[in-house]
file start-v1.txt (compact mmCIF, C-alpha atoms (C1' of nucleotides))
# COMPACT_ATOMS: atom_id res chain seq x y z
CA MET A 23 68.60 117.22 337.03
CA SER A 24 72.10 116.78 338.36
CA GLU A 25 74.72 119.31 337.49
CA ASP A 26 76.63 119.32 334.25
CA ARG A 27 79.49 116.87 334.45
CA ARG A 28 81.93 119.55 333.29
CA VAL A 29 80.96 121.72 336.20
CA ARG A 30 81.55 118.98 338.74
CA ARG A 31 84.86 118.11 337.15
CA THR A 32 86.09 121.69 337.15
CA ARG A 33 85.08 122.37 340.73
CA ARG A 34 86.72 119.18 341.89
CA LEU A 35 89.95 119.92 340.06
CA ILE A 36 90.12 123.37 341.58
CA GLN A 37 89.42 122.16 345.11
CA GLU A 38 91.99 119.40 344.88
CA ALA A 39 94.56 121.78 343.47
CA LEU A 40 94.06 124.18 346.36
CA VAL A 41 94.43 121.47 348.98
CA ALA A 42 97.60 120.19 347.36
CA LEU A 43 99.05 123.68 347.10
CA ILE A 44 98.23 124.57 350.70
CA LEU A 45 100.12 121.51 351.84
CA GLU A 46 103.10 122.59 349.77
CA LYS A 47 103.24 126.34 350.33
CA GLY A 48 100.67 127.31 352.92
CA TYR A 49 97.37 129.04 352.24
CA ASP A 50 98.63 132.60 352.10
CA ALA A 51 101.31 131.82 349.57
CA VAL A 52 98.89 130.15 347.16
CA THR A 53 97.70 132.44 344.36
CA VAL A 54 94.76 132.03 342.05
CA THR A 55 97.25 131.72 339.23
CA ASP A 56 98.88 128.81 341.06
CA ILE A 57 95.54 127.11 341.43
CA ILE A 58 94.48 127.35 337.80
CA ASP A 59 97.92 126.22 336.64
CA ARG A 60 97.81 123.19 338.90
CA ALA A 61 94.20 122.40 338.09
CA ASP A 62 94.89 123.01 334.40
CA VAL A 63 91.85 125.20 334.11
CA GLY A 64 91.32 128.51 332.37
CA ARG A 65 91.42 131.71 334.35
CA SER A 66 87.97 132.76 333.28
CA THR A 67 86.71 129.32 334.22
CA PHE A 68 87.96 129.77 337.75
CA TYR A 69 86.14 133.04 338.18
CA ALA A 70 83.01 131.52 336.69
CA HIS A 71 82.85 129.22 339.72
CA PHE A 72 84.47 131.11 342.58
CA THR A 73 84.83 134.78 343.29
CA HIS A 74 87.69 134.46 345.76
CA LYS A 75 90.34 132.04 346.83
CA GLN A 76 88.60 131.79 350.18
CA GLU A 77 85.42 130.58 348.52
CA VAL A 78 87.24 127.48 347.34
CA LEU A 79 88.43 126.91 350.87
CA LEU A 80 84.99 127.15 352.37
CA SER A 81 83.49 125.01 349.61
CA ASN A 82 85.72 122.26 350.89
CA LEU A 83 84.20 122.54 354.34
CA ASP A 84 80.98 120.93 353.21
CA GLU A 85 82.91 117.77 352.53
CA MET A 86 84.35 117.71 356.03
CA ALA A 87 81.47 115.70 357.36
CA PHE A 88 82.97 115.40 360.80
CA LEU A 89 82.21 119.03 361.42
CA HIS A 90 78.52 118.15 361.34
CA PRO A 91 78.74 115.19 363.64
CA THR A 92 75.80 113.15 364.77
CA PRO A 93 74.25 114.96 367.68
CA ALA A 94 74.17 111.58 369.35
CA THR A 95 74.33 113.15 372.74
CA ASP A 96 74.19 110.37 375.26
CA ALA A 97 71.93 111.96 377.76
CA GLY A 98 74.24 111.80 380.74
CA ARG A 99 77.53 112.17 378.95
CA LEU A 100 78.93 115.64 378.47
CA PHE A 101 80.77 116.51 375.29
CA ALA A 102 79.97 113.30 373.47
CA PHE A 103 81.22 114.92 370.29
CA SER A 104 84.79 115.05 371.50
CA LEU A 105 86.20 111.59 370.82
CA PRO A 106 84.41 111.03 367.51
CA MET A 107 85.61 114.36 366.26
CA PHE A 108 89.23 113.73 367.19
CA GLU A 109 88.93 110.40 365.43
CA HIS A 110 87.41 111.82 362.28
CA VAL A 111 90.09 114.45 362.21
CA GLN A 112 92.77 111.79 362.42
CA GLU A 113 91.21 109.88 359.53
CA GLN A 114 90.99 112.87 357.24
CA GLU A 115 94.44 113.96 358.35
CA ARG A 116 95.57 115.28 355.03
CA LEU A 117 92.59 117.48 354.34
CA VAL A 118 92.34 118.72 357.90
CA ARG A 119 96.00 119.66 358.10
CA ALA A 120 95.59 121.65 354.91
CA LEU A 121 92.51 123.51 356.04
CA LEU A 122 93.07 123.99 359.75
CA GLY A 123 96.82 123.86 360.06
CA ARG A 124 99.37 126.53 360.73
CA HIS A 125 99.28 127.46 357.07
CA GLY A 126 95.57 126.97 356.58
CA GLY A 127 93.16 129.84 356.34
CA GLY A 128 91.91 131.57 359.45
CA PRO A 129 88.31 131.67 358.23
CA VAL A 130 88.01 127.91 358.43
CA ILE A 131 89.11 127.88 362.05
CA ALA A 132 86.62 130.59 362.86
CA ARG A 133 83.80 128.53 361.35
CA GLY A 134 84.92 125.43 363.18
CA GLU A 135 84.88 127.34 366.43
CA GLN A 136 81.33 128.45 365.85
CA MET A 137 80.15 124.95 365.10
CA ILE A 138 81.79 123.52 368.18
CA ALA A 139 80.51 126.36 370.31
CA GLU A 140 76.98 125.38 369.33
CA LEU A 141 77.59 121.78 370.26
CA VAL A 142 79.08 122.73 373.62
CA ARG A 143 76.28 125.14 374.36
CA GLY A 144 73.70 122.48 373.56
CA ASP A 145 75.43 120.02 375.83
CA LEU A 146 75.58 122.44 378.72
CA LEU A 147 71.93 123.37 378.39
CA ALA A 148 70.96 119.72 378.16
CA ALA A 149 72.94 119.07 381.31
CA GLY A 150 70.91 121.59 383.23
CA GLY A 151 72.77 124.82 382.62
CA ARG A 152 70.68 127.97 382.42
CA SER A 153 71.21 130.42 379.60
CA SER A 154 73.21 133.34 381.00
CA ALA A 155 76.25 135.47 380.47
CA ALA A 156 78.22 133.22 382.79
CA LEU A 157 77.27 130.18 380.73
CA ASP A 158 78.47 131.91 377.57
CA LEU A 159 81.84 132.52 379.16
CA LEU A 160 82.00 128.87 380.16
CA VAL A 161 81.28 127.86 376.58
CA VAL A 162 84.12 130.09 375.43
CA CYS A 163 86.52 128.38 377.82
CA VAL A 164 85.48 124.87 376.84
CA VAL A 165 85.67 125.62 373.12
CA GLY A 166 89.03 127.28 373.62
CA ALA A 167 90.41 124.20 375.33
CA PHE A 168 89.07 121.89 372.62
CA MET A 169 90.30 123.98 369.73
CA GLY A 170 93.64 124.32 371.47
CA LEU A 171 94.06 120.57 371.49
CA LEU A 172 92.91 120.31 367.91
CA ARG A 173 95.37 122.96 366.79
CA ALA A 174 98.19 121.41 368.78
CA TRP A 175 97.63 118.09 367.03
CA VAL A 176 97.16 119.59 363.59
CA ASN A 177 100.35 121.58 363.97
CA GLY A 178 102.27 118.50 365.00
CA GLU A 179 102.97 119.79 368.51
CA THR A 180 101.71 116.54 370.00
CA THR A 181 101.58 112.95 368.86
CA ALA A 182 98.77 111.98 371.21
CA THR A 183 96.09 109.61 369.97
CA PRO A 184 92.44 110.61 369.69
CA THR A 185 91.72 108.74 372.89
CA GLU A 186 94.44 110.62 374.74
CA LEU A 187 93.29 113.95 373.37
CA ASP A 188 89.76 113.20 374.43
CA ALA A 189 90.93 112.19 377.89
CA ALA A 190 93.01 115.34 378.27
CA PHE A 191 90.08 117.48 377.19
CA ARG A 192 87.67 115.89 379.64
CA ALA A 193 90.15 115.87 382.51
CA ALA A 194 90.90 119.54 382.09
CA VAL A 195 87.40 120.76 381.60
CA GLU A 196 84.80 118.44 383.07
CA PRO A 197 85.42 119.05 386.79
CA GLY A 198 85.02 122.78 386.38
CA VAL A 199 81.93 122.41 384.23
CA ARG A 200 80.24 120.02 386.65
CA ALA A 201 81.05 122.24 389.61
CA ILE A 202 79.45 125.20 387.87
CA LEU A 203 76.39 123.27 386.71
CA ASN A 204 75.75 121.90 390.17
CA ARG A 205 75.39 125.26 391.83
CA PRO A 206 74.57 128.24 389.71
CA MET B 28 124.31 157.70 371.75
CA SER B 29 120.57 157.95 371.34
CA GLU B 30 119.04 157.41 367.96
CA ASP B 31 118.62 160.10 365.39
CA ARG B 32 115.51 162.06 366.18
CA ARG B 33 114.28 161.64 362.60
CA VAL B 34 114.43 157.87 362.96
CA ARG B 35 112.35 157.87 366.12
CA ARG B 36 109.86 160.22 364.54
CA THR B 37 109.49 158.15 361.40
CA ARG B 38 109.11 154.84 363.22
CA ARG B 39 106.54 156.31 365.55
CA LEU B 40 104.53 157.84 362.71
CA ILE B 41 104.46 154.52 360.88
CA GLN B 42 103.44 152.51 363.92
CA GLU B 43 100.67 154.93 364.81
CA ALA B 44 99.42 154.98 361.25
CA LEU B 45 99.20 151.19 361.17
CA VAL B 46 97.26 151.00 364.41
CA ALA B 47 94.83 153.66 363.23
CA LEU B 48 94.34 151.93 359.90
CA ILE B 49 93.82 148.50 361.45
CA LEU B 50 91.04 149.94 363.56
CA GLU B 51 89.45 151.40 360.44
CA LYS B 52 89.86 148.66 357.87
CA GLY B 53 91.31 145.58 359.56
CA TYR B 54 94.88 144.38 359.26
CA ASP B 55 94.54 142.48 356.01
CA ALA B 56 93.01 145.38 354.16
CA VAL B 57 95.79 147.79 355.12
CA THR B 58 98.44 148.22 352.43
CA VAL B 59 101.91 149.64 352.72
CA THR B 60 100.75 152.43 350.48
CA ASP B 61 97.97 153.20 352.97
CA ILE B 62 100.47 153.35 355.78
CA ILE B 63 102.91 155.71 354.13
CA ASP B 64 100.09 157.96 352.98
CA ARG B 65 98.66 158.16 356.47
CA ALA B 66 102.05 158.55 358.10
CA ASP B 67 103.04 161.07 355.42
CA VAL B 68 106.30 159.31 354.86
CA GLY B 69 108.18 158.43 351.71
CA ARG B 70 107.95 154.94 350.29
CA SER B 71 111.69 154.45 350.38
CA THR B 72 111.71 155.64 353.95
CA PHE B 73 109.27 152.95 354.95
CA TYR B 74 111.38 150.22 353.46
CA ALA B 75 114.46 151.67 355.11
CA HIS B 76 112.89 150.81 358.47
CA PHE B 77 110.68 147.80 357.89
CA THR B 78 110.82 145.03 355.36
CA HIS B 79 107.21 143.93 355.74
CA LYS B 80 103.91 145.17 357.04
CA GLN B 81 104.08 142.48 359.69
CA GLU B 82 107.34 143.87 361.03
CA VAL B 83 105.55 147.05 361.98
CA LEU B 84 102.96 144.99 363.78
CA LEU B 85 105.48 143.07 365.81
CA SER B 86 107.48 146.19 366.57
CA ASN B 87 104.40 147.39 368.39
CA LEU B 88 104.42 144.34 370.60
CA ASP B 89 107.35 145.62 372.60
CA GLU B 90 105.16 148.43 373.82
CA MET B 91 102.49 146.04 375.04
CA ALA B 92 104.11 145.69 378.42
CA PHE B 93 101.27 143.65 379.82
CA LEU B 94 102.42 140.71 377.76
CA HIS B 95 105.53 140.55 379.92
CA PRO B 96 103.77 140.67 383.25
CA THR B 97 105.51 140.48 386.55
CA PRO B 98 105.98 136.81 387.35
CA ALA B 99 104.68 137.66 390.79
CA THR B 100 103.49 134.15 391.33
CA ASP B 101 101.97 133.92 394.75
CA ALA B 102 103.24 130.55 395.76
CA GLY B 103 99.90 128.92 396.44
CA ARG B 104 97.82 130.76 393.90
CA LEU B 105 97.48 129.25 390.47
CA PHE B 106 97.37 131.50 387.41
CA ALA B 107 98.18 134.70 389.24
CA PHE B 108 98.77 136.35 385.88
CA SER B 109 95.13 136.11 384.88
CA LEU B 110 93.44 139.07 386.54
CA PRO B 111 96.32 141.54 386.04
CA MET B 112 96.47 140.63 382.40
CA PHE B 113 92.75 141.11 381.82
CA GLU B 114 93.07 144.46 383.56
CA HIS B 115 96.03 145.60 381.51
CA VAL B 116 94.23 144.59 378.38
CA GLN B 117 91.23 146.67 379.36
CA GLU B 118 93.44 149.69 379.97
CA GLN B 119 95.19 149.50 376.62
CA GLU B 120 91.90 148.74 374.94
CA ARG B 121 92.54 150.61 371.75
CA LEU B 122 95.92 149.14 370.98
CA VAL B 123 94.92 145.64 372.00
CA ARG B 124 91.79 145.65 369.90
CA ALA B 125 93.87 146.68 366.90
CA LEU B 126 96.55 144.05 367.37
CA LEU B 127 94.62 141.08 368.72
CA GLY B 128 91.14 141.68 367.42
CA ARG B 129 89.14 139.99 364.73
CA HIS B 130 90.91 142.13 362.18
CA GLY B 131 94.31 142.08 363.80
CA GLY B 132 97.15 140.00 362.53
CA GLY B 133 97.36 136.31 363.38
CA PRO B 134 101.08 136.45 364.17
CA VAL B 135 100.48 138.59 367.22
CA ILE B 136 97.98 136.12 368.63
CA ALA B 137 100.43 133.29 368.07
CA ARG B 138 103.09 135.14 370.03
CA GLY B 139 100.70 135.92 372.82
CA GLU B 140 99.76 132.28 373.05
CA GLN B 141 103.38 131.27 373.41
CA MET B 142 103.99 133.76 376.16
CA ILE B 143 100.95 132.68 378.13
CA ALA B 144 101.78 129.03 377.61
CA GLU B 145 105.11 129.63 379.33
CA LEU B 146 103.40 131.32 382.25
CA VAL B 147 100.89 128.51 382.61
CA ARG B 148 103.54 125.86 382.36
CA GLY B 149 105.59 127.55 385.04
CA ASP B 150 102.58 127.77 387.31
CA LEU B 151 101.75 124.10 386.90
CA LEU B 152 105.31 123.00 387.58
CA ALA B 153 105.48 125.26 390.61
CA ALA B 154 102.26 123.70 391.87
CA GLY B 155 103.78 120.25 391.81
CA GLY B 156 103.09 119.06 388.29
CA ARG B 157 105.67 116.82 386.71
CA SER B 158 106.91 117.53 383.20
CA SER B 159 105.17 115.09 380.86
CA ALA B 160 103.17 114.80 377.68
CA ALA B 161 99.98 114.89 379.71
CA LEU B 162 101.03 118.13 381.37
CA ASP B 163 101.69 119.67 377.98
CA LEU B 164 98.17 118.81 376.89
CA LEU B 165 96.84 120.37 380.07
CA VAL B 166 98.78 123.54 379.33
CA VAL B 167 97.22 123.62 375.88
CA CYS B 168 93.73 123.40 377.36
CA VAL B 169 94.33 126.10 379.92
CA VAL B 170 95.90 128.47 377.41
CA GLY B 171 93.06 127.76 375.00
CA ALA B 172 90.48 128.69 377.59
CA PHE B 173 92.32 131.89 378.53
CA MET B 174 92.90 133.02 374.97
CA GLY B 175 89.30 132.20 374.18
CA LEU B 176 88.12 134.62 376.84
CA LEU B 177 90.59 137.23 375.71
CA ARG B 178 89.45 136.95 372.12
CA ALA B 179 85.79 137.01 373.09
CA TRP B 180 86.32 140.28 374.94
CA VAL B 181 88.51 141.83 372.28
CA ASN B 182 85.94 140.99 369.63
CA GLY B 183 83.19 142.54 371.67
CA GLU B 184 81.36 139.27 372.16
CA THR B 185 81.16 139.87 375.90
CA THR B 186 81.01 142.96 378.08
CA ALA B 187 82.28 141.19 381.18
CA THR B 188 84.67 143.04 383.47
CA PRO B 189 88.22 141.84 384.10
CA THR B 190 87.12 140.45 387.43
CA GLU B 191 84.32 138.47 385.82
CA LEU B 192 86.60 137.18 383.10
CA ASP B 193 89.13 136.11 385.70
CA ALA B 194 86.42 134.39 387.71
CA ALA B 195 85.08 132.56 384.65
CA PHE B 196 88.57 131.42 383.73
CA ARG B 197 89.32 130.07 387.18
CA ALA B 198 85.91 128.44 387.60
CA ALA B 199 86.21 126.60 384.31
CA VAL B 200 89.77 125.48 384.64
CA GLU B 201 90.94 125.28 388.24
CA PRO B 202 88.95 122.22 389.38
CA GLY B 203 90.27 120.11 386.53
CA VAL B 204 93.81 121.32 387.03
CA ARG B 205 93.78 120.63 390.74
CA ALA B 206 92.30 117.19 390.22
CA ILE B 207 95.06 116.31 387.79
CA LEU B 208 97.84 117.73 389.96
CA ASN B 209 96.65 115.82 393.02
CA ARG B 210 96.92 112.38 391.49
CA PRO B 211 99.14 111.92 388.47
C1' DC C 27 72.11 110.60 316.11
C1' DG C 28 71.85 115.54 315.75
C1' DA C 29 70.68 120.12 317.42
C1' DT C 30 71.14 123.31 320.88
C1' DA C 31 72.79 125.07 324.96
C1' DT C 32 76.52 126.17 327.68
C1' DA C 33 81.00 125.30 329.79
C1' DA C 34 85.72 125.85 329.09
C1' DC C 35 89.61 127.96 326.89
C1' DG C 36 93.09 131.44 326.00
C1' DA C 37 94.62 135.74 325.33
C1' DA C 38 94.50 140.32 326.31
C1' DC C 39 93.30 144.03 329.35
C1' DA C 40 93.31 147.62 333.16
C1' DC C 41 94.20 147.91 337.81
C1' DT C 42 96.35 147.63 342.41
C1' DG C 43 100.00 146.71 345.30
C1' DT C 44 104.97 145.53 346.15
C1' DG C 45 109.72 146.36 346.69
C1' DT C 46 113.86 148.73 344.51
C1' DT C 47 116.58 152.38 342.71
C1' DT C 48 118.34 157.00 342.09
C1' DC C 49 119.20 161.58 343.29
C1' DA C 50 118.39 166.01 345.20
C1' DT C 51 117.18 168.06 349.68
C1' DA C 52 116.89 168.91 354.43
C1' DG C 53 117.80 167.88 359.24
C1' DT C 54 121.09 166.12 362.75
C1' DG C 55 124.86 165.58 365.96
C1' DA C 56 129.66 166.64 366.78
C1' DT D 22 130.13 175.12 360.66
C1' DC D 23 130.52 170.65 358.45
C1' DA D 24 130.25 165.91 357.43
C1' DC D 25 126.79 162.56 357.75
C1' DT D 26 122.60 160.40 356.80
C1' DA D 27 117.60 160.16 356.85
C1' DT D 28 114.05 161.66 354.00
C1' DG D 29 111.14 162.54 349.93
C1' DA D 30 109.74 162.11 345.19
C1' DA D 31 109.43 159.84 341.08
C1' DA D 32 109.96 156.12 338.22
C1' DC D 33 110.61 151.28 337.60
C1' DA D 34 109.88 146.12 336.91
C1' DC D 35 107.24 142.70 338.73
C1' DA D 36 103.39 139.81 340.38
C1' DG D 37 98.77 139.04 341.16
C1' DT D 38 93.80 140.15 340.48
C1' DG D 39 89.50 140.14 338.25
C1' DT D 40 87.09 141.07 333.67
C1' DT D 41 86.03 140.65 328.83
C1' DC D 42 85.34 138.40 324.41
C1' DG D 43 85.49 135.39 320.50
C1' DT D 44 86.30 130.58 319.66
C1' DT D 45 86.17 125.72 320.55
C1' DA D 46 84.72 121.60 322.92
C1' DT D 47 81.36 118.79 325.01
C1' DA D 48 77.15 117.80 327.71
C1' DT D 49 72.33 117.09 327.59
C1' DC D 50 68.00 116.29 325.62
C1' DG D 51 64.70 115.44 321.84
call {"tool": "encode", "arguments": {"input": "start-v1.txt", "output": "structure tokens"}}
result
Amino acid sequence: MSEDRRVRRTRRLIQEALVALILEKGYDAVTVTDIIDRADVGRSTFYAHFTHKQEVLLSNLDEMAFLHPTPATDAGRLFAFSLPMFEHVQEQERLVRALLGRHGGGPVIARGEQMIAELVRGDLLAAGGRSSAALDLLVVCVVGAFMGLLRAWVNGETTATPTELDAAFRAAVEPGVRAILNRP
Amino acid sequence: MSEDRRVRRTRRLIQEALVALILEKGYDAVTVTDIIDRADVGRSTFYAHFTHKQEVLLSNLDEMAFLHPTPATDAGRLFAFSLPMFEHVQEQERLVRALLGRHGGGPVIARGEQMIAELVRGDLLAAGGRSSAALDLLVVCVVGAFMGLLRAWVNGETTATPTELDAAFRAAVEPGVRAILNRP
DNA sequence: CGATATAACGAACACTGTGTTTCATAGTGA
DNA sequence: TCACTATGAAACACAGTGTTCGTTATATCG
């Protein structure tokens, strides 16, 4: 029932090779030829599994479990996802730096933004916000602030701990959010 | 004293061709060959003026005057740059969409972020903030929120007017900022 | 274990795009 | 007018992509 062992092996080798190469040269500089050399895998084999370089990148996303965090939204607490996510990111530092970092692929960041936008939107609605154009703009601002912090850490522009990042995020954003929610 | 007329002509043709092509196909899909075909310019001529595709992109930045806005910081008013910048962006819609949009080049966004970060930082210091790691994180949040709105508009995800964007930005961010500035 | 399916290999291929070179031509500024 | 130099055209080596095909290796299942 489970996949052929050779298939799993090949896919894993290719994914690992890409991550290693991104950390060395940056995503853009990595070629398919690089990947198959590093993975020690035939060219035709690569294209039997992936059609593009980017597909390998996105296939890695499924293993970044922290992007699908428990929606354990404490009822009263806004943005409960924040601290756990910063912590998960710190744990998987190597992988995250490769995928999200300065040299990582833009597509991954775009996906991450979408996922977080959904979380934020859910939180705001749960906290009494009413679906509207203004709420969408608020979501954009909150997500922007969060992703900004994430990027700053990933790119080594700050050495703050997850707790500090979480605190900075809440301090910057919560007052405005609460003010808006309390009188729409 | 002034440059050779042929040089000006060639550079202008190339820049215009790139903008037009980005709007049609997206930055990544545009090749140097595309550009010189569209600009009707010899291959060697292109490389006599620019070494990379990206250089053409950045050469366009100098003409985006709104990125160097008047630092007309009303003393008491935080983020005075916000509304004027949204307005300028709206005016230069075509160029901005090409350079900053979903299909525009990442480098331009990175530069824009830097510029805005400096503005924000200056504003916060002028408003009584003290230089610190915490302030840097706050700057990151504020810039993230602003760029988020800018990107949302550029990508057509919102039809809000400059005034509305400015209002959303301030509403989301100002309360938190003021709270932090008032008791560090 | 053995038979069958199928994954992987490796080499070759056409194709697209890059960046360089060379040289004749045409436009420019003094 | 005249010296200067930007341009255009063509050809080039090079690197990377994505496909094809015959052979070999190795899972999986009976």
call {"tool": "residues_near_point", "arguments": {"input": "start-v1.txt", "point": "(90.7, 149.5, 339.0)", "cutoff": "10 Å", "atoms": "all atoms listed in the file", "output": "list in words"}}
result
DA40, DC41 and DT42 of chain C; DT38 and DG39 of chain D
call {"tool": "atom_distance", "arguments": {"input": "start-v1.txt", "atom1": "CA of Leu117 (chain A)", "atom2": "CA of Thr185 (chain A)"}}
result
20.5 Å
call {"tool": "atom_distance", "arguments": {"input": "start-v1.txt", "atom1": "CA of Gly144 (chain A)", "atom2": "CA of Val161 (chain A)"}}
result
9.8 Å
call {"tool": "residues_around", "arguments": {"input": "start-v1.txt", "residues": "DC35 (chain C)", "least_positions_apart": "2", "cutoff": "10 Å", "atoms": "all atoms listed in the file", "output": "list in words"}}
result
Val63, Gly64, Arg65, Ser66 and Thr67 of chain A; DA33 and DA37 of chain C; DT44, DT45 and DA46 of chain D
call {"tool": "atom_distance", "arguments": {"input": "start-v1.txt", "atom1": "CA of Leu164 (chain B)", "atom2": "CA of Leu177 (chain B)"}}
result
20.0 Å
call {"tool": "closest_atom_pairs", "arguments": {"input": "start-v1.txt", "of": "chain B", "to": "chain A", "cutoff": "12 Å", "atoms": "all atoms listed in the file", "output": "Markdown table"}}
result
| residue | atom | partner | partner_atom | distance |
| --- | --- | --- | --- | --- |
| B:Asp55 | CA | A:Asp50 | CA | 11.4 |
| B:Arg129 | CA | A:Ala132 | CA | 9.9 |
| B:His130 | CA | A:Gly128 | CA | 11.0 |
| B:Gly131 | CA | A:Gly128 | CA | 11.6 |
| B:Gly132 | CA | A:Gly128 | CA | 10.4 |
| B:Gly133 | CA | A:Gly128 | CA | 8.2 |
| B:Pro134 | CA | A:Arg124 | CA | 10.6 |
| B:Ile136 | CA | A:Gly128 | CA | 11.9 |
| B:Ala137 | CA | A:Arg124 | CA | 10.0 |
| B:Glu140 | CA | A:Gly170 | CA | 10.2 |
| B:Ala144 | CA | A:Gly170 | CA | 11.2 |
| B:Ser159 | CA | A:Thr180 | CA | 11.5 |
| B:Ala160 | CA | A:Thr180 | CA | 8.0 |
| B:Ala161 | CA | A:Ala190 | CA | 7.1 |
| B:Leu162 | CA | A:Ala190 | CA | 9.0 |
| B:Asp163 | CA | A:Thr180 | CA | 8.6 |
| B:Leu164 | CA | A:Ala190 | CA | 6.4 |
| B:Leu165 | CA | A:Ala194 | CA | 6.3 |
| B:Val166 | CA | A:Ala194 | CA | 9.3 |
| B:Val167 | CA | A:Gly170 | CA | 5.7 |
| B:Cys168 | CA | A:Ala167 | CA | 4.0 |
| B:Val169 | CA | A:Ala167 | CA | 6.3 |
| B:Val170 | CA | A:Ala167 | CA | 7.3 |
| B:Gly171 | CA | A:Gly166 | CA | 4.3 |
| B:Ala172 | CA | A:Cys163 | CA | 4.0 |
| B:Phe173 | CA | A:Cys163 | CA | 6.8 |
| B:Met174 | CA | A:Gly166 | CA | 7.1 |
| B:Gly175 | CA | A:Gly166 | CA | 5.0 |
| B:Leu176 | CA | A:Val162 | CA | 6.2 |
| B:Leu177 | CA | A:Val162 | CA | 9.6 |
| B:Arg178 | CA | A:Val162 | CA | 9.3 |
| B:Ala179 | CA | A:Val162 | CA | 7.5 |
| B:Trp180 | CA | A:Leu159 | CA | 9.9 |
| B:Glu184 | CA | A:Asp158 | CA | 9.6 |
| B:Thr185 | CA | A:Ala155 | CA | 8.0 |
| B:Thr186 | CA | A:Ala155 | CA | 9.2 |
| B:Ala187 | CA | A:Ala155 | CA | 8.3 |
| B:Thr188 | CA | A:Ala155 | CA | 11.7 |
| B:Glu191 | CA | A:Ala156 | CA | 8.6 |
| B:Leu192 | CA | A:Leu159 | CA | 7.7 |
| B:Asp193 | CA | A:Leu159 | CA | 10.4 |
| B:Ala194 | CA | A:Ala156 | CA | 9.6 |
| B:Ala195 | CA | A:Leu159 | CA | 6.4 |
| B:Phe196 | CA | A:Cys163 | CA | 7.0 |
| B:Arg197 | CA | A:Gly198 | CA | 8.5 |
| B:Ala198 | CA | A:Gly198 | CA | 5.9 |
| B:Ala199 | CA | A:Gly198 | CA | 4.5 |
| B:Val200 | CA | A:Gly198 | CA | 5.7 |
| B:Glu201 | CA | A:Gly198 | CA | 6.7 |
| B:Pro202 | CA | A:Gly198 | CA | 5.0 |
| B:Gly203 | CA | A:Ala194 | CA | 4.5 |
| B:Val204 | CA | A:Ala194 | CA | 6.0 |
| B:Arg205 | CA | A:Ala194 | CA | 9.2 |
| B:Ala206 | CA | A:Pro197 | CA | 7.9 |
| B:Ile207 | CA | A:Ala193 | CA | 7.2 |
| B:Leu208 | CA | A:Ala194 | CA | 10.6 |
| B:Arg210 | CA | A:Ala193 | CA | 11.8 |
| B:Pro211 | CA | A:Ala193 | CA | 11.5 |
call {"tool": "residues_around", "arguments": {"input": "start-v1.txt", "residues": "DT28 (chain D)", "least_positions_apart": "5", "cutoff": "12 Å", "atoms": "all atoms listed in the file", "output": "JSON, numbers by chain"}}
result
{"B": [33, 34, 36, 37, 67, 68, 69, 70, 71, 72, 73, 74, 75, 76], "C": [49, 50, 51, 52, 53]}
call {"tool": "interface_residues", "arguments": {"input": "start-v1.txt", "of": "chain C", "to": "chain B", "cutoff": "8 Å", "atoms": "only C-alpha atoms (C1' of nucleotides)", "output": "NGL selection string"}}
result
:C and (43 or 45 or 53-54)
call {"tool": "write_last_selection", "arguments": {"input": "start-v1.txt", "atoms": "C-alpha atoms (C1' of nucleotides)", "output": "short mmCIF file (atom, residue, chain, number, x, y, z; two decimals), keeping the file's coordinate frame"}}
result
data_model
loop_
_atom_site.label_atom_id
_atom_site.label_comp_id
_atom_site.auth_asym_id
_atom_site.auth_seq_id
_atom_site.Cartn_x
_atom_site.Cartn_y
_atom_site.Cartn_z
"C1'" DG C 43 100.00 146.71 345.30
"C1'" DG C 45 109.72 146.36 346.69
"C1'" DG C 53 117.80 167.88 359.24
"C1'" DT C 54 121.09 166.12 362.75
#
call {"tool": "residues_around", "arguments": {"input": "start-v1.txt", "residues": "DA56 (chain C)", "least_positions_apart": "6", "cutoff": "12 Å", "atoms": "all atoms listed in the file", "output": "PDB file with C-alpha atoms (C1' of nucleotides), in the coordinates of the input"}}
result
ATOM      1  CA  MET B  28     124.310 157.700 371.750  1.00  0.00           C
TER       2      MET B  28
ATOM      3  C1'  DT D  22     130.130 175.120 360.660  1.00  0.00           C
ATOM      4  C1'  DC D  23     130.520 170.650 358.450  1.00  0.00           C
ATOM      5  C1'  DA D  24     130.250 165.910 357.430  1.00  0.00           C
ATOM      6  C1'  DC D  25     126.790 162.560 357.750  1.00  0.00           C
TER       7       DC D  25
END
call {"tool": "interface_residues", "arguments": {"input": "start-v1.txt", "of": "chain D", "to": "chain B", "cutoff": "12 Å", "atoms": "all atoms listed in the file", "output": "count of residues only"}}
result
7
call {"tool": "residues_near_point", "arguments": {"input": "start-v1.txt", "point": "(118.8, 150.8, 339.7)", "cutoff": "12 Å", "atoms": "all atoms listed in the file", "output": "PDB file with C-alpha atoms (C1' of nucleotides), in the frame of the given file"}}
result
ATOM      1  C1'  DT C  46     113.860 148.730 344.510  1.00  0.00           C
ATOM      2  C1'  DT C  47     116.580 152.380 342.710  1.00  0.00           C
ATOM      3  C1'  DT C  48     118.340 157.000 342.090  1.00  0.00           C
ATOM      4  C1'  DC C  49     119.200 161.580 343.290  1.00  0.00           C
TER       5       DC C  49
ATOM      6  C1'  DA D  32     109.960 156.120 338.220  1.00  0.00           C
ATOM      7  C1'  DC D  33     110.610 151.280 337.600  1.00  0.00           C
ATOM      8  C1'  DA D  34     109.880 146.120 336.910  1.00  0.00           C
TER       9       DA D  34
END
call {"tool": "axis_aligned_box", "arguments": {"input": "start-v1.txt", "around": "region 34-48 of chain D", "padding_each_side": "4 Å", "output": "JSON"}}
result
{"center_x": 93.5, "center_y": 132.0, "center_z": 330.4, "size_x": 40.7, "size_y": 36.3, "size_z": 29.5}
